[in-house]
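K.L.:
Attaching a single structure in structure tokens format; questions to follow.
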Amino acid sequence: MASRAILRRALLYVPGSNKRMLEKSRGLDVDCITYDLEDSVTLSQKLVARRQIFDILSLPRVPGIREQAVRINAVETGLALEDLTETVCLLLLRLHDSHSPKSQQALGPASTSSPLPRPPAPSANFTSSTFVHGVLSASGKPNIRLIALIESARAVMDIRSICTSTPLLSGLIFAAEDFSLDLSLTRTPSLTEFLFARQTIVAAARAYNLDSAIDLVCTDYKDPSGALTRECEGGAGMGFTGKQCIHPSQVKVVQRLFAPSWERVRDSVRLLCAERIAEEQGKGSWALDGKMIDRPVIEAAKAIVEKAELAGMGVAAMWEEFKDVVPK
């Protein structure tokens, strides 16, 4: 299993054509802001949206935003490469030409990503990847990744080819509304109609060592403690690492529920402290709290602690608290 070095619990869409929302987004505390050029932007506003997204990406990165992304239009629309050229790639080339401290911190230490909608076949990823690779070579800035939106039956069936189409691919996103349209499905609160597609996406993300698998949007954004909570718990239990958001009010709930609980983090740190002592004592087989501990349990604990550290959950104090836990 891949190390989840990138934390994308909440992926919040912000319309690129709405200047007020773009400006307000800089005050948020969110793992990934995705500036949208696709569904939320009318055709007449595409040029305006590109310019405004470029402007917002050119500003110094604010501390609360871990990653900035741009959702481009589908390749078959003829707009995708212009979306890339006039936003992310133009910014990378501009940073290469400028050595001022202000411009160099625009992207910040985290990456900039570009979700690619509706890949009908791996050629969509390949086209964008080839173009981006060329720009990266010219700019010398390697910190950009691609994320594929899985929106159709064909994309689900071609998931293996999509996952191996480019080394820049960092994650998969399940776009339930477009998937429903493609299959003429009716979305229900149970989400059982999406079970096969969702499990396929999670399994593929793990199998091909992608950083994230992002679950569907909760359309009931006015009920953050009801439908959203149920969907987050179900998605996290299925193996998704994060969830798409369409309103800032969803972010806090999503990021809390896609982070490990304090109890799980404490138990994991305690187990790993005992594992250190077991290693020192040369114990290949040992128990803790009456339960035998094997390698899968240890690896799961490491993954939980890593995610907690990325989320800033104060793990350091727990290591000190449990440093003397002894395995049986």
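In the structure tokens, each chain is lettered A, B, ... as it comes, each chain's residues begin at 1, and ligands are numbered from 1 in order of appearance.
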Got a sec: who's within 8 Å of stretch 183-193 of chain A, counting only C-alpha atoms, leaving out chain neighbours fewer than 3 positions off, as a ChimeraX atom specification?

P.N.:
/A:152-153,179-180,196,227

K.L.:
For A:Asp55, find every residue with an atom within 12 Å (counting only C-alpha atoms), except residues of its own chain fewer than 4 positions away, and show them as a ChimeraX atom specification.

P.N.:
/A:16-17,19,22-23,35,48-51,59-60,86-88,90-91,94,103,106

K.L.:
As JSON, numbers by chain, which residues of stretch 256-295 of chain A does DSSP assign to helix (DSSP H, G or I)?

P.N.:
{"A": [256, 257, 262, 263, 264, 265, 266, 267, 268, 269, 270, 271, 272, 273, 274, 275, 276, 277, 278, 279, 280, 295]}

K.L.:
Find the residue from A:Thr34, A:Ser268, A:Thr42, A:Ser212 that sits nearest to A:Arg71; use only C-alpha atoms when measuring.

P.N.:
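So, comparing all the options, the nearest one is A:Thr34.
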
K.L.:
Please identify all polymer residues within 7 Å of stretch 247-261 of chain A, counting only C-alpha atoms, omitting same-chain residues fewer than 4 positions from it, and present them as a list of chain:residue names.

P.N.:
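Residues meeting the cut-off are A:Arg9, A:Ala10, A:Val30, A:Tyr221, A:Pro224, A:Cys232, A:Glu233, A:Ala236, A:Thr241, A:Gly242, A:Lys243, A:Val265, A:Ile304, A:Ala308.
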
K.L.:
To test your reading of the structure, identify every residue in stretch 156-303 of chain A that backbone DSSP assigns to strand (DSSP E), and report it as a ChimeraX atom specification.

P.N.:
/A:169-174,212-215,242-245,286-288,291-293

K.L.:
Can you write just those residues out, N, CA and C atoms, as an mmCIF file, in the first residue's frame?

P.N.:
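New file result.cif:
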```
data_model
loop_
_atom_site.group_PDB
_atom_site.id
_atom_site.type_symbol
_atom_site.label_atom_id
_atom_site.label_comp_id
_atom_site.auth_asym_id
_atom_site.auth_seq_id
_atom_site.Cartn_x
_atom_site.Cartn_y
_atom_site.Cartn_z
ATOM 1 N N LEU A 169 -0.318 10.938 -12.296
ATOM 2 C CA LEU A 169 -1.621 10.693 -11.675
ATOM 3 C C LEU A 169 -1.463 10.478 -10.177
ATOM 4 N N SER A 170 -2.221 11.251 -9.398
ATOM 5 C CA SER A 170 -2.092 11.230 -7.943
ATOM 6 C C SER A 170 -3.347 10.747 -7.235
ATOM 7 N N GLY A 171 -4.474 10.667 -7.946
ATOM 8 C CA GLY A 171 -5.692 10.250 -7.282
ATOM 9 C C GLY A 171 -6.846 10.071 -8.241
ATOM 10 N N LEU A 172 -7.934 9.498 -7.705
ATOM 11 C CA LEU A 172 -9.173 9.298 -8.451
ATOM 12 C C LEU A 172 -10.319 9.955 -7.694
ATOM 13 N N ILE A 173 -11.241 10.542 -8.435
ATOM 14 C CA ILE A 173 -12.418 11.185 -7.855
ATOM 15 C C ILE A 173 -13.664 10.560 -8.464
ATOM 16 N N PHE A 174 -14.626 10.190 -7.622
ATOM 17 C CA PHE A 174 -15.880 9.638 -8.132
ATOM 18 C C PHE A 174 -16.895 10.757 -8.312
ATOM 19 N N SER A 212 -4.712 9.294 -3.314
ATOM 20 C CA SER A 212 -6.041 9.501 -2.753
ATOM 21 C C SER A 212 -7.141 8.928 -3.621
ATOM 22 N N ALA A 213 -8.234 8.581 -2.955
ATOM 23 C CA ALA A 213 -9.487 8.213 -3.605
ATOM 24 C C ALA A 213 -10.561 9.100 -2.982
ATOM 25 N N ILE A 214 -11.133 9.983 -3.790
ATOM 26 C CA ILE A 214 -12.049 11.006 -3.282
ATOM 27 C C ILE A 214 -13.487 10.623 -3.601
ATOM 28 N N ASP A 215 -14.326 10.608 -2.583
ATOM 29 C CA ASP A 215 -15.711 10.143 -2.718
ATOM 30 C C ASP A 215 -16.633 11.220 -3.291
ATOM 31 N N GLY A 242 -10.989 10.801 1.200
ATOM 32 C CA GLY A 242 -11.541 12.143 1.298
ATOM 33 C C GLY A 242 -12.845 12.247 0.532
ATOM 34 N N LYS A 243 -13.384 13.471 0.501
ATOM 35 C CA LYS A 243 -14.704 13.689 -0.102
ATOM 36 C C LYS A 243 -14.743 15.059 -0.765
ATOM 37 N N GLN A 244 -15.472 15.136 -1.879
ATOM 38 C CA GLN A 244 -15.682 16.412 -2.551
ATOM 39 C C GLN A 244 -16.677 17.262 -1.760
ATOM 40 N N CYS A 245 -16.437 18.568 -1.767
ATOM 41 C CA CYS A 245 -17.336 19.506 -1.096
ATOM 42 C C CYS A 245 -17.779 20.577 -2.086
ATOM 43 N N TRP A 286 4.134 -11.458 19.524
ATOM 44 C CA TRP A 286 3.836 -10.848 20.816
ATOM 45 C C TRP A 286 2.387 -10.402 20.865
ATOM 46 N N ALA A 287 1.937 -10.013 22.045
ATOM 47 C CA ALA A 287 0.534 -9.637 22.236
ATOM 48 C C ALA A 287 0.454 -8.321 22.996
ATOM 49 N N LEU A 288 -0.681 -7.674 22.851
ATOM 50 C CA LEU A 288 -0.964 -6.448 23.580
ATOM 51 C C LEU A 288 -2.438 -6.449 23.933
ATOM 52 N N LYS A 291 -4.375 -9.504 22.788
ATOM 53 C CA LYS A 291 -4.553 -9.767 21.359
ATOM 54 C C LYS A 291 -3.187 -9.958 20.698
ATOM 55 N N MET A 292 -3.099 -10.992 19.854
ATOM 56 C CA MET A 292 -1.868 -11.222 19.115
ATOM 57 C C MET A 292 -1.703 -10.124 18.057
ATOM 58 N N ILE A 293 -0.478 -9.651 17.933
ATOM 59 C CA ILE A 293 -0.180 -8.570 16.980
ATOM 60 C C ILE A 293 0.665 -9.137 15.845
#
```

K.L.:
May I ask which of the residues A:Asp267, A:Glu321, A:Asp182, A:Glu67 is the closest one to A:Leu28, counting only C-alpha atoms?

P.N.:
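Looking at the shortest contact to A:Leu28, the residue is A:Glu67.
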